[in-house]
>>> print(open('coords_35.cif').read())   # mmCIF, N, CA and C atoms
data_start
loop_
_atom_site.label_atom_id
_atom_site.label_comp_id
_atom_site.auth_asym_id
_atom_site.auth_seq_id
_atom_site.Cartn_x
_atom_site.Cartn_y
_atom_site.Cartn_z
N MET A 101 -6.24 46.49 25.63
CA MET A 101 -5.83 47.28 26.77
C MET A 101 -5.67 48.74 26.33
N ASP A 102 -6.19 49.66 27.11
CA ASP A 102 -6.11 51.08 26.80
C ASP A 102 -4.74 51.65 27.15
N THR A 103 -4.29 52.58 26.32
CA THR A 103 -3.14 53.40 26.66
C THR A 103 -3.70 54.66 27.31
N ARG A 104 -3.14 55.06 28.43
CA ARG A 104 -3.70 56.19 29.17
C ARG A 104 -2.61 57.23 29.42
N ILE A 105 -2.91 58.49 29.05
CA ILE A 105 -2.06 59.62 29.39
C ILE A 105 -2.74 60.27 30.60
N ASP A 106 -2.16 60.09 31.79
CA ASP A 106 -2.86 60.53 33.01
C ASP A 106 -2.78 62.04 33.22
N LYS A 107 -3.53 62.51 34.21
CA LYS A 107 -3.70 63.95 34.47
C LYS A 107 -2.40 64.68 34.76
N THR A 108 -1.40 63.97 35.23
CA THR A 108 -0.14 64.61 35.60
C THR A 108 0.89 64.59 34.47
N THR A 109 0.50 64.07 33.31
CA THR A 109 1.44 63.88 32.21
C THR A 109 1.22 64.88 31.08
N THR A 110 2.33 65.43 30.57
CA THR A 110 2.32 66.24 29.35
C THR A 110 3.25 65.56 28.36
N LEU A 111 2.72 65.27 27.19
CA LEU A 111 3.48 64.62 26.13
C LEU A 111 3.60 65.58 24.96
N LYS A 112 4.83 65.77 24.46
CA LYS A 112 5.06 66.65 23.32
C LYS A 112 5.63 65.83 22.18
N GLY A 113 5.00 65.96 20.99
CA GLY A 113 5.48 65.23 19.83
C GLY A 113 4.34 64.49 19.14
N LYS A 114 4.68 63.72 18.12
CA LYS A 114 3.70 62.96 17.34
C LYS A 114 3.44 61.62 18.02
N LEU A 115 2.16 61.24 18.12
CA LEU A 115 1.78 59.99 18.76
C LEU A 115 0.95 59.17 17.78
N GLU A 116 1.35 57.91 17.55
CA GLU A 116 0.60 56.99 16.71
C GLU A 116 0.31 55.75 17.53
N THR A 117 -0.95 55.26 17.44
CA THR A 117 -1.32 54.08 18.20
C THR A 117 -2.35 53.25 17.46
N GLN A 118 -2.29 51.95 17.69
CA GLN A 118 -3.27 51.00 17.15
C GLN A 118 -4.33 50.69 18.21
N ASP A 119 -3.98 50.92 19.47
CA ASP A 119 -4.84 50.55 20.60
C ASP A 119 -5.69 51.73 21.06
N PRO A 120 -6.73 51.45 21.84
CA PRO A 120 -7.52 52.55 22.40
C PRO A 120 -6.63 53.47 23.24
N LEU A 121 -6.90 54.78 23.16
CA LEU A 121 -6.11 55.79 23.86
C LEU A 121 -7.04 56.70 24.63
N VAL A 122 -6.72 56.94 25.91
CA VAL A 122 -7.47 57.86 26.74
C VAL A 122 -6.52 58.96 27.18
N VAL A 123 -6.88 60.22 26.86
CA VAL A 123 -6.06 61.37 27.22
C VAL A 123 -6.73 62.10 28.38
N GLU A 124 -6.11 62.02 29.56
CA GLU A 124 -6.59 62.76 30.73
C GLU A 124 -5.67 63.93 31.03
N GLY A 125 -4.46 63.88 30.51
CA GLY A 125 -3.46 64.94 30.68
C GLY A 125 -3.41 65.83 29.46
N THR A 126 -2.19 66.19 29.03
CA THR A 126 -2.01 67.10 27.89
C THR A 126 -1.10 66.48 26.85
N ILE A 127 -1.53 66.56 25.59
CA ILE A 127 -0.69 66.17 24.47
C ILE A 127 -0.53 67.40 23.58
N GLU A 128 0.72 67.75 23.28
CA GLU A 128 1.03 68.85 22.38
C GLU A 128 1.66 68.24 21.14
N GLY A 129 0.87 68.04 20.11
CA GLY A 129 1.35 67.43 18.88
C GLY A 129 0.26 66.63 18.22
N GLU A 130 0.58 66.07 17.07
CA GLU A 130 -0.38 65.31 16.27
C GLU A 130 -0.62 63.93 16.84
N ILE A 131 -1.89 63.47 16.75
CA ILE A 131 -2.24 62.12 17.18
C ILE A 131 -2.88 61.39 16.00
N LYS A 132 -2.38 60.16 15.73
CA LYS A 132 -3.00 59.27 14.75
C LYS A 132 -3.38 58.00 15.49
N SER A 133 -4.66 57.63 15.41
CA SER A 133 -5.14 56.49 16.17
C SER A 133 -6.03 55.60 15.32
N LYS A 134 -5.78 54.29 15.38
CA LYS A 134 -6.64 53.33 14.69
C LYS A 134 -7.59 52.65 15.68
N GLY A 135 -7.49 53.00 16.96
CA GLY A 135 -8.40 52.50 17.97
C GLY A 135 -9.28 53.66 18.44
N LEU A 136 -10.12 53.41 19.41
CA LEU A 136 -10.95 54.46 20.00
C LEU A 136 -10.05 55.47 20.69
N LEU A 137 -10.21 56.74 20.37
CA LEU A 137 -9.44 57.83 20.99
C LEU A 137 -10.40 58.67 21.81
N THR A 138 -10.13 58.77 23.11
CA THR A 138 -10.97 59.55 24.02
C THR A 138 -10.15 60.66 24.66
N VAL A 139 -10.59 61.90 24.47
CA VAL A 139 -10.03 63.02 25.21
C VAL A 139 -11.00 63.26 26.37
N ALA A 140 -10.62 62.80 27.54
CA ALA A 140 -11.50 62.82 28.71
C ALA A 140 -11.70 64.24 29.22
N GLN A 141 -12.74 64.42 30.04
CA GLN A 141 -12.97 65.71 30.68
C GLN A 141 -11.71 66.09 31.44
N GLY A 142 -11.21 67.30 31.20
CA GLY A 142 -9.97 67.76 31.81
C GLY A 142 -8.75 67.49 30.94
N GLY A 143 -8.88 66.62 29.95
CA GLY A 143 -7.79 66.33 29.03
C GLY A 143 -7.67 67.43 27.98
N ARG A 144 -6.43 67.61 27.46
CA ARG A 144 -6.18 68.66 26.46
C ARG A 144 -5.30 68.11 25.35
N VAL A 145 -5.66 68.46 24.13
CA VAL A 145 -4.83 68.14 22.97
C VAL A 145 -4.61 69.43 22.21
N LYS A 146 -3.34 69.79 22.03
CA LYS A 146 -2.97 70.96 21.22
C LYS A 146 -2.32 70.43 19.96
N GLY A 147 -3.13 70.12 18.96
CA GLY A 147 -2.64 69.54 17.72
C GLY A 147 -3.76 68.82 17.01
N ASP A 148 -3.48 68.36 15.80
CA ASP A 148 -4.50 67.69 15.00
C ASP A 148 -4.66 66.24 15.43
N ILE A 149 -5.90 65.74 15.28
CA ILE A 149 -6.25 64.36 15.59
C ILE A 149 -6.75 63.71 14.30
N ASP A 150 -6.24 62.51 14.01
CA ASP A 150 -6.66 61.72 12.86
C ASP A 150 -6.97 60.33 13.38
N GLY A 151 -8.24 59.95 13.38
CA GLY A 151 -8.62 58.67 13.95
C GLY A 151 -9.81 58.03 13.28
N ILE A 152 -10.21 56.90 13.81
CA ILE A 152 -11.38 56.18 13.32
C ILE A 152 -12.60 56.59 14.16
N GLU A 153 -12.52 56.37 15.47
CA GLU A 153 -13.58 56.72 16.42
C GLU A 153 -12.99 57.67 17.44
N VAL A 154 -13.60 58.85 17.61
CA VAL A 154 -13.06 59.87 18.51
C VAL A 154 -14.17 60.38 19.42
N VAL A 155 -13.85 60.48 20.72
CA VAL A 155 -14.76 61.05 21.72
C VAL A 155 -14.03 62.20 22.39
N VAL A 156 -14.67 63.38 22.43
CA VAL A 156 -14.04 64.56 23.03
C VAL A 156 -14.89 65.04 24.20
N GLY A 157 -14.31 64.92 25.41
CA GLY A 157 -14.96 65.43 26.61
C GLY A 157 -14.13 66.55 27.23
N GLY A 158 -12.94 66.76 26.69
CA GLY A 158 -12.04 67.82 27.16
C GLY A 158 -11.87 68.87 26.08
N LEU A 159 -10.65 69.41 25.95
CA LEU A 159 -10.37 70.49 25.00
C LEU A 159 -9.44 69.99 23.91
N VAL A 160 -9.82 70.24 22.65
CA VAL A 160 -8.95 69.97 21.51
C VAL A 160 -8.75 71.28 20.77
N GLN A 161 -7.49 71.70 20.66
CA GLN A 161 -7.14 72.90 19.90
C GLN A 161 -6.41 72.42 18.66
N GLY A 162 -7.18 72.11 17.63
CA GLY A 162 -6.64 71.59 16.38
C GLY A 162 -7.76 70.95 15.59
N ASN A 163 -7.46 70.52 14.39
CA ASN A 163 -8.45 69.89 13.52
C ASN A 163 -8.63 68.43 13.92
N VAL A 164 -9.88 67.95 13.79
CA VAL A 164 -10.19 66.56 14.15
C VAL A 164 -10.78 65.85 12.93
N THR A 165 -10.16 64.73 12.55
CA THR A 165 -10.66 63.89 11.48
C THR A 165 -11.01 62.54 12.08
N ALA A 166 -12.26 62.10 11.88
CA ALA A 166 -12.71 60.79 12.35
C ALA A 166 -13.37 60.07 11.18
N ALA A 167 -12.78 58.97 10.74
CA ALA A 167 -13.32 58.23 9.61
C ALA A 167 -14.71 57.67 9.94
N GLY A 168 -14.93 57.34 11.20
CA GLY A 168 -16.22 56.82 11.64
C GLY A 168 -16.96 57.86 12.46
N GLN A 169 -17.14 57.57 13.73
CA GLN A 169 -17.93 58.39 14.65
C GLN A 169 -17.07 59.39 15.40
N LEU A 170 -17.57 60.62 15.49
CA LEU A 170 -16.99 61.65 16.36
C LEU A 170 -18.08 62.09 17.31
N VAL A 171 -17.83 61.98 18.62
CA VAL A 171 -18.78 62.41 19.64
C VAL A 171 -18.15 63.56 20.41
N LEU A 172 -18.83 64.69 20.41
CA LEU A 172 -18.44 65.85 21.21
C LEU A 172 -19.36 65.87 22.42
N GLN A 173 -18.81 65.50 23.57
CA GLN A 173 -19.61 65.40 24.79
C GLN A 173 -19.97 66.78 25.33
N SER A 174 -20.86 66.81 26.29
CA SER A 174 -21.35 68.07 26.86
C SER A 174 -20.24 68.89 27.50
N THR A 175 -19.18 68.23 27.94
CA THR A 175 -18.05 68.92 28.59
C THR A 175 -16.94 69.24 27.60
N GLY A 176 -17.12 68.85 26.34
CA GLY A 176 -16.06 68.97 25.35
C GLY A 176 -16.07 70.27 24.58
N LYS A 177 -14.86 70.61 24.07
CA LYS A 177 -14.71 71.80 23.23
C LYS A 177 -13.67 71.51 22.16
N ILE A 178 -14.03 71.79 20.91
CA ILE A 178 -13.10 71.65 19.79
C ILE A 178 -12.92 73.02 19.17
N GLU A 179 -11.67 73.47 19.11
CA GLU A 179 -11.33 74.73 18.45
C GLU A 179 -10.56 74.37 17.19
N GLY A 180 -11.28 74.08 16.12
CA GLY A 180 -10.67 73.67 14.86
C GLY A 180 -11.72 73.05 13.96
N ASP A 181 -11.33 72.72 12.75
CA ASP A 181 -12.24 72.12 11.78
C ASP A 181 -12.42 70.64 12.06
N VAL A 182 -13.60 70.13 11.68
CA VAL A 182 -13.98 68.74 11.95
C VAL A 182 -14.40 68.06 10.65
N ARG A 183 -13.86 66.86 10.43
CA ARG A 183 -14.30 65.99 9.34
C ARG A 183 -14.64 64.66 9.97
N ALA A 184 -15.87 64.18 9.74
CA ALA A 184 -16.28 62.93 10.38
C ALA A 184 -17.30 62.20 9.51
N GLY A 185 -17.25 60.86 9.59
CA GLY A 185 -18.27 60.07 8.94
C GLY A 185 -19.63 60.32 9.57
N HIS A 186 -19.64 60.47 10.89
CA HIS A 186 -20.87 60.77 11.63
C HIS A 186 -20.49 61.62 12.85
N LEU A 187 -21.22 62.69 13.07
CA LEU A 187 -20.92 63.62 14.17
C LEU A 187 -22.10 63.70 15.12
N THR A 188 -21.81 63.55 16.42
CA THR A 188 -22.81 63.76 17.47
C THR A 188 -22.28 64.84 18.40
N VAL A 189 -23.09 65.88 18.62
CA VAL A 189 -22.73 66.94 19.56
C VAL A 189 -23.77 66.95 20.67
N GLU A 190 -23.32 66.63 21.88
CA GLU A 190 -24.22 66.64 23.03
C GLU A 190 -24.51 68.07 23.45
N ASP A 191 -25.65 68.28 24.08
CA ASP A 191 -26.04 69.59 24.58
C ASP A 191 -24.95 70.13 25.51
N GLY A 192 -24.40 71.29 25.18
CA GLY A 192 -23.33 71.89 25.97
C GLY A 192 -21.97 71.78 25.31
N GLY A 193 -21.81 70.86 24.36
CA GLY A 193 -20.55 70.72 23.63
C GLY A 193 -20.32 71.95 22.77
N VAL A 194 -19.06 72.38 22.63
CA VAL A 194 -18.73 73.60 21.89
C VAL A 194 -17.81 73.25 20.72
N LEU A 195 -18.20 73.70 19.54
CA LEU A 195 -17.42 73.47 18.33
C LEU A 195 -17.20 74.79 17.63
N SER A 196 -15.93 75.20 17.51
CA SER A 196 -15.57 76.44 16.83
C SER A 196 -14.75 76.08 15.60
N GLY A 197 -15.42 75.96 14.47
CA GLY A 197 -14.73 75.61 13.23
C GLY A 197 -15.72 75.11 12.20
N LYS A 198 -15.20 74.68 11.06
CA LYS A 198 -16.02 74.15 9.97
C LYS A 198 -16.29 72.67 10.21
N VAL A 199 -17.42 72.18 9.67
CA VAL A 199 -17.80 70.78 9.83
C VAL A 199 -18.08 70.16 8.47
N MET A 200 -17.50 68.97 8.24
CA MET A 200 -17.82 68.16 7.06
C MET A 200 -18.16 66.76 7.56
N THR A 201 -19.33 66.24 7.12
CA THR A 201 -19.76 64.91 7.56
C THR A 201 -20.27 64.10 6.38
N GLU A 202 -20.91 62.96 6.69
CA GLU A 202 -21.53 62.07 5.71
C GLU A 202 -20.57 61.56 4.67
N GLY A 203 -19.67 60.71 5.10
CA GLY A 203 -18.76 60.08 4.16
C GLY A 203 -17.66 61.00 3.67
N ALA A 204 -17.42 62.10 4.37
CA ALA A 204 -16.39 63.05 3.95
C ALA A 204 -14.99 62.48 4.11
N VAL A 205 -14.84 61.44 4.93
CA VAL A 205 -13.51 60.90 5.21
C VAL A 205 -13.49 59.41 4.87
N PRO A 206 -12.80 59.02 3.82
CA PRO A 206 -12.70 57.59 3.53
C PRO A 206 -11.85 56.88 4.59
N LYS A 207 -12.21 55.66 4.95
CA LYS A 207 -11.47 54.92 6.00
C LYS A 207 -10.01 54.73 5.65
N SER A 208 -9.69 54.69 4.37
CA SER A 208 -8.30 54.52 3.97
C SER A 208 -7.47 55.75 4.29
N HIS A 209 -8.10 56.89 4.62
CA HIS A 209 -7.39 58.12 4.95
C HIS A 209 -6.60 57.98 6.25
N VAL A 210 -7.15 57.25 7.20
CA VAL A 210 -6.53 57.15 8.52
C VAL A 210 -5.25 56.34 8.45
N GLY A 211 -4.20 56.91 9.01
CA GLY A 211 -2.93 56.22 9.09
C GLY A 211 -2.08 56.31 7.83
N SER A 212 -2.54 57.04 6.85
CA SER A 212 -1.74 57.16 5.62
C SER A 212 -0.76 58.29 5.70
#
>>> encode(input="coords_35.cif", output="structure tokens")
Amino acid sequence: MDTRIDKTTTLKGKLETQDPLVVEGTIEGEIKSKGLLTVAQGGRVKGDIDGIEVVVGGLVQGNVTAAGQLVLQSTGKIEGDVRAGHLTVEDGGVLSGKVMTEGAVPKSHVGS
């Protein structure tokens, strides 16, 4: 079952989850996720993300670490550095920062 931060919600602080997380509202703080983390179109994260699988369709203002796949959708924007096992940037996606890929993040890094 997905955990959902809806469009009308702003959460401030550190968030850790084992389950899939969908952010449609705003999170101000660090996120650690061992499930699929999706920042939906219109969603905002002001803080670092540390996860296994990450999809960004909204705005992330912070560094993103994905041990596995990171997908930056056409509506997505990341303002920060990216470390990912595999990175996909769709046409229209915006990335402002440094990129490290191809095994740059060991899976044991997440959640430590």
>>> resolve_selection(input="coords_35.cif", expression="the PyMOL selection byres (((chain A and resi 158-165 and name CA) around 7) and name CA)", output="PyMOL selection string")
chain A and resi 139-151+156-157+166-167+175-184
>>> closest_residue(input="coords_35.cif", among="A:Leu187, A:Arg104, A:Val194, A:Gly168", to="Val122 of chain A", atoms="only N, CA and C atoms")
A:Arg104
>>> atom_distance(input="coords_35.cif", atom1="atom CA of Gly129 of chain A", atom2="atom CA of Ile105 of chain A")
13.5 Å
>>> atom_distance(input="coords_35.cif", atom1="atom CA of Lys198 of chain A", atom2="atom C of Ile131 of chain A")
19.3 Å
>>> atom_distance(input="coords_35.cif", atom1="atom CA of Leu111 of chain A", atom2="atom CA of Gly125 of chain A")
8.3 Å
>>> select_by_dssp(input="coords_35.cif", residues="chain A", states="strand (DSSP E or B)", output="PyMOL selection string")
chain A and resi 103-105+110-112+115-117+121-123+126-128+131-139+144-146+149-156+159-161+164-172+177-179+182-189+194-196+199-200
>>> resolve_selection(input="coords_35.cif", expression="the PyMOL selection byres (((chain A and resi 102 and name CA) around 10) and name CA)", output="ChimeraX atom specification")
/A:101,103-105,119-122,135-137
>>> resolve_selection(input="coords_35.cif", expression="the PyMOL selection byres ((chain A and resi 193) around 5)", output="mmCIF file with N, CA and C atoms, keeping the file's coordinate frame")
data_model
loop_
_atom_site.group_PDB
_atom_site.id
_atom_site.type_symbol
_atom_site.label_atom_id
_atom_site.label_comp_id
_atom_site.auth_asym_id
_atom_site.auth_seq_id
_atom_site.Cartn_x
_atom_site.Cartn_y
_atom_site.Cartn_z
ATOM 1 N N GLN A 173 -18.810 65.500 23.570
ATOM 2 C CA GLN A 173 -19.610 65.400 24.790
ATOM 3 C C GLN A 173 -19.970 66.780 25.330
ATOM 4 N N SER A 174 -20.860 66.810 26.290
ATOM 5 C CA SER A 174 -21.350 68.070 26.860
ATOM 6 C C SER A 174 -20.240 68.890 27.500
ATOM 7 N N GLY A 176 -17.120 68.850 26.340
ATOM 8 C CA GLY A 176 -16.060 68.970 25.350
ATOM 9 C C GLY A 176 -16.070 70.270 24.580
ATOM 10 N N GLU A 190 -23.320 66.630 21.880
ATOM 11 C CA GLU A 190 -24.220 66.640 23.030
ATOM 12 C C GLU A 190 -24.510 68.070 23.450
ATOM 13 N N ASP A 191 -25.650 68.280 24.080
ATOM 14 C CA ASP A 191 -26.040 69.590 24.580
ATOM 15 C C ASP A 191 -24.950 70.130 25.510
ATOM 16 N N GLY A 192 -24.400 71.290 25.180
ATOM 17 C CA GLY A 192 -23.330 71.890 25.970
ATOM 18 C C GLY A 192 -21.970 71.780 25.310
ATOM 19 N N VAL A 194 -19.060 72.380 22.630
ATOM 20 C CA VAL A 194 -18.730 73.600 21.890
ATOM 21 C C VAL A 194 -17.810 73.250 20.720
ATOM 22 N N LEU A 195 -18.200 73.700 19.540
ATOM 23 C CA LEU A 195 -17.420 73.470 18.330
ATOM 24 C C LEU A 195 -17.200 74.790 17.630
#
>>> closest_residue(input="coords_35.cif", among="A:Val189, A:Leu170, A:Ile152, A:Met200", to="Ser133 of chain A", atoms="all atoms listed in the file")
A:Ile152
>>> decode(input="coords_35.cif", residues="segment 112-140 of chain A", atoms="N, CA and C atoms", output="PDB file, in the first residue's frame")
ATOM      1  N   LYS A 112       7.037  18.857   7.472  1.00  0.00           N
ATOM      2  CA  LYS A 112       8.370  19.367   7.792  1.00  0.00           C
ATOM      3  C   LYS A 112       9.055  18.395   8.729  1.00  0.00           C
ATOM      4  N   GLY A 113      10.282  17.996   8.370  1.00  0.00           N
ATOM      5  CA  GLY A 113      11.037  17.075   9.207  1.00  0.00           C
ATOM      6  C   GLY A 113      11.579  15.915   8.397  1.00  0.00           C
ATOM      7  N   LYS A 114      12.204  14.964   9.086  1.00  0.00           N
ATOM      8  CA  LYS A 114      12.804  13.795   8.449  1.00  0.00           C
ATOM      9  C   LYS A 114      11.746  12.702   8.291  1.00  0.00           C
ATOM     10  N   LEU A 115      11.705  12.086   7.109  1.00  0.00           N
ATOM     11  CA  LEU A 115      10.735  11.034   6.822  1.00  0.00           C
ATOM     12  C   LEU A 115      11.479   9.779   6.385  1.00  0.00           C
ATOM     13  N   GLU A 116      11.191   8.646   7.045  1.00  0.00           N
ATOM     14  CA  GLU A 116      11.754   7.361   6.667  1.00  0.00           C
ATOM     15  C   GLU A 116      10.606   6.400   6.435  1.00  0.00           C
ATOM     16  N   THR A 117      10.703   5.624   5.323  1.00  0.00           N
ATOM     17  CA  THR A 117       9.637   4.683   5.011  1.00  0.00           C
ATOM     18  C   THR A 117      10.185   3.438   4.333  1.00  0.00           C
ATOM     19  N   GLN A 118       9.514   2.331   4.572  1.00  0.00           N
ATOM     20  CA  GLN A 118       9.823   1.054   3.917  1.00  0.00           C
ATOM     21  C   GLN A 118       8.888   0.845   2.720  1.00  0.00           C
ATOM     22  N   ASP A 119       7.749   1.528   2.740  1.00  0.00           N
ATOM     23  CA  ASP A 119       6.703   1.329   1.737  1.00  0.00           C
ATOM     24  C   ASP A 119       6.819   2.353   0.612  1.00  0.00           C
ATOM     25  N   PRO A 120       6.155   2.092  -0.513  1.00  0.00           N
ATOM     26  CA  PRO A 120       6.131   3.087  -1.588  1.00  0.00           C
ATOM     27  C   PRO A 120       5.546   4.410  -1.084  1.00  0.00           C
ATOM     28  N   LEU A 121       6.123   5.516  -1.549  1.00  0.00           N
ATOM     29  CA  LEU A 121       5.712   6.854  -1.125  1.00  0.00           C
ATOM     30  C   LEU A 121       5.455   7.709  -2.354  1.00  0.00           C
ATOM     31  N   VAL A 122       4.309   8.399  -2.364  1.00  0.00           N
ATOM     32  CA  VAL A 122       3.969   9.329  -3.432  1.00  0.00           C
ATOM     33  C   VAL A 122       3.813  10.707  -2.811  1.00  0.00           C
ATOM     34  N   VAL A 123       4.599  11.673  -3.309  1.00  0.00           N
ATOM     35  CA  VAL A 123       4.549  13.042  -2.802  1.00  0.00           C
ATOM     36  C   VAL A 123       3.835  13.913  -3.833  1.00  0.00           C
ATOM     37  N   GLU A 124       2.623  14.357  -3.483  1.00  0.00           N
ATOM     38  CA  GLU A 124       1.871  15.275  -4.332  1.00  0.00           C
ATOM     39  C   GLU A 124       1.867  16.673  -3.724  1.00  0.00           C
ATOM     40  N   GLY A 125       2.148  16.757  -2.434  1.00  0.00           N
ATOM     41  CA  GLY A 125       2.214  18.028  -1.705  1.00  0.00           C
ATOM     42  C   GLY A 125       3.651  18.471  -1.544  1.00  0.00           C
ATOM     43  N   THR A 126       3.995  18.964  -0.341  1.00  0.00           N
ATOM     44  CA  THR A 126       5.336  19.497  -0.075  1.00  0.00           C
ATOM     45  C   THR A 126       5.949  18.817   1.134  1.00  0.00           C
ATOM     46  N   ILE A 127       7.202  18.407   0.987  1.00  0.00           N
ATOM     47  CA  ILE A 127       7.982  17.903   2.109  1.00  0.00           C
ATOM     48  C   ILE A 127       9.211  18.788   2.241  1.00  0.00           C
ATOM     49  N   GLU A 128       9.424  19.321   3.442  1.00  0.00           N
ATOM     50  CA  GLU A 128      10.600  20.123   3.738  1.00  0.00           C
ATOM     51  C   GLU A 128      11.439  19.340   4.729  1.00  0.00           C
ATOM     52  N   GLY A 129      12.440  18.638   4.231  1.00  0.00           N
ATOM     53  CA  GLY A 129      13.289  17.815   5.070  1.00  0.00           C
ATOM     54  C   GLY A 129      13.787  16.607   4.311  1.00  0.00           C
ATOM     55  N   GLU A 130      14.602  15.814   4.968  1.00  0.00           N
ATOM     56  CA  GLU A 130      15.220  14.642   4.362  1.00  0.00           C
ATOM     57  C   GLU A 130      14.238  13.487   4.250  1.00  0.00           C
ATOM     58  N   ILE A 131      14.350  12.735   3.128  1.00  0.00           N
ATOM     59  CA  ILE A 131      13.535  11.541   2.932  1.00  0.00           C
ATOM     60  C   ILE A 131      14.462  10.353   2.711  1.00  0.00           C
ATOM     61  N   LYS A 132      14.212   9.255   3.464  1.00  0.00           N
ATOM     62  CA  LYS A 132      14.895   7.986   3.243  1.00  0.00           C
ATOM     63  C   LYS A 132      13.823   6.956   2.946  1.00  0.00           C
ATOM     64  N   SER A 133      13.960   6.283   1.797  1.00  0.00           N
ATOM     65  CA  SER A 133      12.921   5.351   1.371  1.00  0.00           C
ATOM     66  C   SER A 133      13.532   4.058   0.857  1.00  0.00           C
ATOM     67  N   LYS A 134      12.980   2.926   1.322  1.00  0.00           N
ATOM     68  CA  LYS A 134      13.405   1.623   0.812  1.00  0.00           C
ATOM     69  C   LYS A 134      12.402   1.079  -0.195  1.00  0.00           C
ATOM     70  N   GLY A 135      11.320   1.823  -0.437  1.00  0.00           N
ATOM     71  CA  GLY A 135      10.344   1.461  -1.447  1.00  0.00           C
ATOM     72  C   GLY A 135      10.442   2.454  -2.597  1.00  0.00           C
ATOM     73  N   LEU A 136       9.582   2.329  -3.573  1.00  0.00           N
ATOM     74  CA  LEU A 136       9.533   3.276  -4.685  1.00  0.00           C
ATOM     75  C   LEU A 136       9.110   4.638  -4.155  1.00  0.00           C
ATOM     76  N   LEU A 137       9.880   5.663  -4.458  1.00  0.00           N
ATOM     77  CA  LEU A 137       9.571   7.040  -4.051  1.00  0.00           C
ATOM     78  C   LEU A 137       9.243   7.841  -5.298  1.00  0.00           C
ATOM     79  N   THR A 138       8.039   8.404  -5.342  1.00  0.00           N
ATOM     80  CA  THR A 138       7.601   9.193  -6.490  1.00  0.00           C
ATOM     81  C   THR A 138       7.272  10.611  -6.039  1.00  0.00           C
ATOM     82  N   VAL A 139       7.942  11.587  -6.639  1.00  0.00           N
ATOM     83  CA  VAL A 139       7.573  12.989  -6.459  1.00  0.00           C
ATOM     84  C   VAL A 139       6.728  13.327  -7.689  1.00  0.00           C
ATOM     85  N   ALA A 140       5.425  13.359  -7.501  1.00  0.00           N
ATOM     86  CA  ALA A 140       4.485  13.528  -8.607  1.00  0.00           C
ATOM     87  C   ALA A 140       4.536  14.946  -9.165  1.00  0.00           C
TER      88      ALA A 140
END
